[in-house]
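Trainee: run00.cif (mmCIF, C-alpha atoms) pasted underneath:
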data_query
loop_
_atom_site.label_atom_id
_atom_site.label_comp_id
_atom_site.auth_asym_id
_atom_site.auth_seq_id
_atom_site.Cartn_x
_atom_site.Cartn_y
_atom_site.Cartn_z
CA MET A 9 21.07 102.97 94.25
CA GLY A 10 19.01 101.74 91.29
CA LYS A 11 21.47 103.32 88.91
CA SER A 12 24.43 101.58 90.43
CA LYS A 13 22.74 98.21 90.06
CA SER A 14 21.97 98.79 86.39
CA SER A 15 25.46 100.05 85.68
CA SER A 16 27.01 97.07 87.44
CA SER A 17 24.76 94.66 85.56
CA SER A 18 25.61 96.29 82.24
CA SER A 19 29.33 96.11 83.01
CA THR A 20 28.88 92.46 83.98
CA SER A 21 27.09 91.70 80.72
CA THR A 22 29.84 93.32 78.67
CA ALA A 23 32.51 91.48 80.64
CA THR A 24 30.84 88.11 79.98
CA GLU A 25 29.76 89.02 76.47
CA ASP A 26 30.22 86.31 73.90
CA PRO A 27 33.49 86.85 71.94
CA PHE A 28 31.76 85.28 68.92
CA PRO A 29 28.67 87.42 68.39
CA PRO A 30 26.15 85.65 66.13
CA THR A 31 25.48 87.63 62.96
CA SER A 32 23.45 85.35 60.73
CA LEU A 33 21.22 82.31 60.73
CA ASP A 34 24.15 80.40 62.21
CA ALA A 35 23.11 81.94 65.50
CA LEU A 36 19.94 79.88 65.43
CA TYR A 37 21.63 76.57 64.75
CA PRO A 38 24.85 75.76 66.57
CA VAL A 39 27.15 73.23 64.96
CA GLU A 40 27.95 70.00 66.78
CA THR A 41 31.72 70.42 66.72
CA GLY A 42 32.17 66.84 67.90
CA ASP A 43 30.86 65.70 64.51
CA PRO A 44 33.72 66.27 62.04
CA LEU A 45 31.53 65.79 58.96
CA GLN A 46 29.00 68.42 60.05
CA THR A 47 31.75 70.80 61.13
CA LYS A 48 33.74 70.40 57.90
CA THR A 49 30.60 70.82 55.81
CA HIS A 50 29.76 74.01 57.67
CA LEU A 51 33.26 75.45 57.27
CA ASP A 52 33.50 74.46 53.60
CA SER A 53 30.10 75.99 52.86
CA ALA A 54 31.08 79.23 54.61
CA LEU A 55 34.35 79.22 52.66
CA CYS A 56 32.63 78.82 49.27
CA ASN A 57 29.99 81.45 50.06
CA PHE A 58 32.68 83.90 51.14
CA LEU A 59 34.78 83.36 48.02
CA ASP A 60 31.67 83.85 45.87
CA SER A 61 30.98 87.12 47.72
CA LEU A 62 34.54 88.27 46.95
CA GLY A 63 33.80 87.93 43.25
CA TYR A 64 35.72 84.77 42.43
CA TRP A 65 34.01 82.70 39.77
CA PRO A 66 34.13 78.94 40.43
CA SER A 67 35.24 76.72 37.57
CA PRO A 68 32.44 74.36 36.52
CA TYR A 69 34.69 71.83 34.74
CA TYR A 70 34.63 69.04 37.35
CA ASP A 71 30.93 69.52 37.96
CA ARG A 72 30.19 69.20 34.25
CA VAL A 73 32.20 65.98 34.00
CA LYS A 74 30.35 64.51 36.98
CA VAL A 75 26.94 65.54 35.62
CA LEU A 76 27.76 64.02 32.23
CA LEU A 77 28.71 60.73 33.91
CA MET A 78 25.55 60.77 36.04
CA VAL A 79 23.29 61.52 33.07
CA THR A 80 24.90 58.70 31.10
CA ALA A 81 24.40 56.29 34.01
CA CYS A 82 20.79 57.38 34.43
CA THR A 83 20.16 56.93 30.71
CA PHE A 84 21.31 53.32 30.92
CA ALA A 85 19.20 52.78 34.03
CA SER A 86 16.14 54.23 32.26
CA MET A 87 16.76 52.04 29.22
CA ALA A 88 16.85 48.98 31.47
CA GLN A 89 13.70 50.01 33.31
CA PHE A 90 11.57 51.04 30.35
CA THR A 91 12.69 48.68 27.61
CA PRO A 92 9.66 47.68 25.49
CA VAL A 93 10.81 44.06 25.21
CA PRO A 94 9.10 41.62 27.64
CA PHE A 95 11.24 40.25 30.48
CA PRO A 96 12.62 36.92 29.45
CA GLU A 97 13.69 38.21 26.03
CA CYS A 98 15.22 41.45 27.40
CA ARG A 99 17.91 39.80 29.55
CA PRO A 100 20.79 40.74 27.19
CA ILE A 101 19.55 44.36 27.10
CA LEU A 102 19.30 44.40 30.90
CA GLY A 103 22.78 42.92 31.22
CA VAL A 104 24.31 45.56 28.93
CA CYS A 105 22.45 48.37 30.72
CA VAL A 106 23.44 47.17 34.19
CA ALA A 107 27.06 46.74 33.11
CA ALA A 108 27.12 50.22 31.53
CA TYR A 109 25.55 51.73 34.66
CA PHE A 110 28.16 49.96 36.80
CA VAL A 111 30.99 51.27 34.60
CA CYS A 112 29.66 54.86 34.68
CA SER A 113 29.18 54.73 38.45
CA GLY A 114 32.67 53.29 38.90
CA ILE A 115 34.23 56.01 36.76
CA LEU A 116 32.33 58.65 38.74
CA GLN A 117 33.48 57.18 42.03
CA ALA A 118 37.09 56.95 40.84
CA PHE A 119 36.94 60.53 39.54
CA THR A 120 35.64 61.79 42.88
CA THR A 121 38.13 59.75 44.91
CA PHE A 122 41.34 60.16 42.90
CA VAL A 123 40.92 63.36 40.87
CA GLU A 124 38.81 65.66 43.02
CA LYS A 125 39.96 64.28 46.39
CA ASP A 126 39.39 67.05 48.93
CA LEU A 127 38.90 69.88 46.43
CA ILE A 128 36.43 72.44 47.75
CA TYR A 129 36.80 75.40 45.42
CA GLU A 130 38.49 75.96 42.08
CA CYS A 131 38.65 79.15 40.10
CA ALA A 132 41.02 80.65 37.55
CA GLU A 133 43.32 82.07 40.24
CA PHE A 134 43.59 79.17 42.71
CA ARG A 135 42.27 75.89 44.11
CA ILE A 136 41.35 75.27 47.71
CA ARG A 137 41.48 71.91 49.42
CA THR A 138 40.42 71.27 53.00
CA ASP A 139 40.53 68.40 55.43
CA LEU A 140 39.26 67.73 58.93
CA PRO A 141 40.44 64.29 60.02
CA ARG A 142 38.29 62.20 62.30
CA PHE A 143 38.92 62.82 66.03
CA SER A 144 40.92 65.96 65.22
CA HIS A 145 40.29 69.59 66.02
CA LEU A 146 42.63 70.83 63.28
CA TYR A 147 41.07 72.08 60.05
CA LYS A 148 43.61 71.85 57.23
CA PHE A 149 43.45 74.62 54.62
CA ILE A 150 45.49 74.21 51.42
CA VAL A 151 45.80 76.73 48.59
CA GLU A 152 47.17 75.69 45.21
CA VAL A 153 48.08 78.22 42.55
CA GLY A 154 48.98 77.04 39.08
CA GLY A 155 48.77 73.39 40.15
CA LYS A 156 51.38 73.81 42.91
CA LYS A 157 50.71 73.83 46.63
CA VAL A 158 51.80 77.26 47.82
CA LEU A 159 50.20 77.38 51.25
CA GLU A 160 49.13 74.86 53.86
CA GLU A 161 47.73 75.92 57.22
CA GLN A 162 46.07 74.13 60.11
CA TRP A 163 43.57 75.98 62.26
CA SER A 164 42.00 74.84 65.50
CA LEU A 165 38.21 74.66 65.49
CA GLY A 166 38.33 76.65 68.73
CA GLU A 167 39.37 79.70 66.71
CA PHE A 168 36.00 79.78 64.94
CA PHE A 169 33.49 78.03 67.20
CA THR A 170 32.35 78.67 70.75
CA GLU A 171 31.97 75.84 73.23
CA GLU A 172 28.26 75.80 72.36
CA GLY A 173 29.07 75.43 68.64
CA TYR A 174 28.27 78.93 67.38
CA PHE A 175 30.32 79.89 64.35
CA TRP A 176 32.40 83.09 64.21
CA GLU A 177 32.07 83.78 60.52
CA GLN A 178 33.90 87.13 60.37
CA GLY A 179 37.03 85.72 61.99
CA PHE A 180 37.00 82.77 59.60
CA GLU A 181 36.52 85.04 56.58
CA ARG A 182 39.33 87.37 57.65
CA LYS A 183 41.74 84.47 58.05
CA VAL A 184 40.73 82.91 54.70
CA GLU A 185 41.09 86.19 52.82
CA LYS A 186 44.50 86.87 54.37
CA LYS A 187 45.79 83.40 53.49
CA ILE A 188 44.48 83.49 49.92
CA ASN A 189 46.11 86.88 49.33
CA GLU A 190 49.32 85.52 50.85
CA ALA A 191 49.22 82.45 48.59
CA ILE A 192 48.63 84.50 45.45
CA ALA A 193 51.49 86.84 46.43
CA ARG A 194 53.80 83.85 46.96
CA LYS A 195 53.01 82.54 43.50
CA GLU A 196 53.70 85.92 41.89
CA ASP A 197 57.15 86.06 43.54
#
Spit out the file's structure as structure tokens when you get a sec.

Mentor:
Amino acid sequence: MGKSKSSSSSSTSTATEDPFPPTSLDALYPVETGDPLQTKTHLDSALCNFLDSLGYWPSPYYDRVKVLLMVTACTFASMAQFTPVPFPECRPILGVCVAAYFVCSGILQAFTTFVEKDLIYECAEFRIRTDLPRFSHLYKFIVEVGGKKVLEEQWSLGEFFTEEGYFWEQGFERKVEKKINEAIARKED
């Protein structure tokens, strides 16, 4: 009698077992899937970590351009802050520094908005862009090879998250790897 209860409870637990078993620290922190920014950030981070684990080497070009612009802007800000000339006489220096900071910040903002756009990952083989529009459950995944869009897919968040917000990383990684291989094969054809 005791055995039948334990066997029925074990069969019940397997029947109601979570289809998205937690395998990492994601199990401790569910994602609020109603927040598109948090959800997109989580998916993009998982995407980049997975591509790094596959051995792809991200291109640092855009990051270097942005860092150069930020360092230049910070240099002008530091010059304005720590100029050795007393205040009333340093107004022209402050004006030039503020204007230069504004120009550098504007160039950085324009670069991020118009050049990078929704670029998540770039390496020698391909570029990946993603999008998760506000009030949408469809995560857009775009692969570009050689500067041309060769693959565009939309995936429902329900494919990778439980109702509680736990992330199914293995399913996401399998789908990403399959689509990247498909995009590279399309480009070679």

Trainee: Using Å and a single decimal, report how far atom CA of Thr41 of chain A sits from atom CA of Phe175 of chain A.

Mentor: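 Separating atom CA of Phe175 of chain A from atom CA of Thr41 of chain A is a distance of 9.9 Å.
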
Trainee: Which residue out of A:Thr121, A:Ser144, A:Ser86, A:Gln178 has the minimum interatomic distance to Ser164 of chain A when all atoms listed in the file are used?

Mentor: A:Ser144

Trainee: As an mmCIF file with C-alpha atoms, in the coordinates of the input, please: the residues near segment 129-133 of chain A (cut-off 6 Å, only C-alpha atoms, same-chain neighbours under 4 positions excluded).

Mentor:
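Printed below is part.cif as written:
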data_model
loop_
_atom_site.group_PDB
_atom_site.id
_atom_site.type_symbol
_atom_site.label_atom_id
_atom_site.label_comp_id
_atom_site.auth_asym_id
_atom_site.auth_seq_id
_atom_site.Cartn_x
_atom_site.Cartn_y
_atom_site.Cartn_z
ATOM 1 C CA TRP A 65 34.010 82.700 39.770
ATOM 2 C CA PRO A 66 34.130 78.940 40.430
ATOM 3 C CA SER A 67 35.240 76.720 37.570
#

Trainee: Mind checking which residues fall within 7 Å of Cys105 of chain A, counting only C-alpha atoms, ignoring those fewer than 4 positions away in the same chain, and posting them as a list in words?

Mentor: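 Once the nearby chain positions are removed, what remains is Phe84, Ala85, Met87, Ala88, Ile101 and Tyr109 of chain A.
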
Trainee: May I ask for the distance between atom CA of Glu177 of chain A and atom CA of Tyr69 of chain A, given in Å to one decimal place?

Mentor: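 These atoms are spaced 28.5 Å apart.
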
Trainee: Could you list, as an MDAnalysis selection string, every residue within 12 Å of Leu45 of chain A, counting only C-alpha atoms and ignoring same-chain residues fewer than 5 positions away?

Mentor: chainID A and resid 39:40 50:53 139:145 147

Trainee: In Å, with one decimal, what is the gap from atom CA of Phe168 of chain A to atom CA of Arg135 of chain A?

Mentor: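 Taking atom CA of Phe168 of chain A and atom CA of Arg135 of chain A, their separation equals 22.1 Å.
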
Trainee: Could you check which of A:Phe110, A:Phe119, A:Phe134, A:Tyr64 is closest to Gly154 of chain A, using all atoms listed in the file?

Mentor: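 Checking each of A:Phe110, A:Phe119, A:Phe134, A:Tyr64 against Gly154 of chain A, counting all atoms listed in the file, the winner is A:Phe134.
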
Trainee: List as a VMD selection string the residues having at least one atom at most 9 Å from position (45.9, 77.2, 62.3) as given in the file, counting only C-alpha atoms.

Mentor: chain A and resid 146 to 149 161 to 165 167

Trainee: Within 9 Å of Ile136 of chain A, counting only C-alpha atoms, which residues show up once you throw out same-chain ones fewer than 6 positions away? Write them as a list in words, please.

Mentor: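 So the residues in contact are Asp126, Leu127, Ile128, Tyr129, Glu130, Phe149, Ile150, Val151, Glu152 and Val153 of chain A.
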
Trainee: For this file, the PyMOL selection byres ((chain A and resi 111) around 12) selects which residues, as a ChimeraX atom specification?

Mentor: /A:77-78,80-82,84-85,104-110,112-118

Trainee: Identify which of the residues A:Ala191, A:Val184, A:Leu62, A:Val93 lies closest to Val158 of chain A, counting all atoms listed in the file when measuring atom-to-atom distances.

Mentor: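 Smallest distance to Val158 of chain A is found for A:Ala191.
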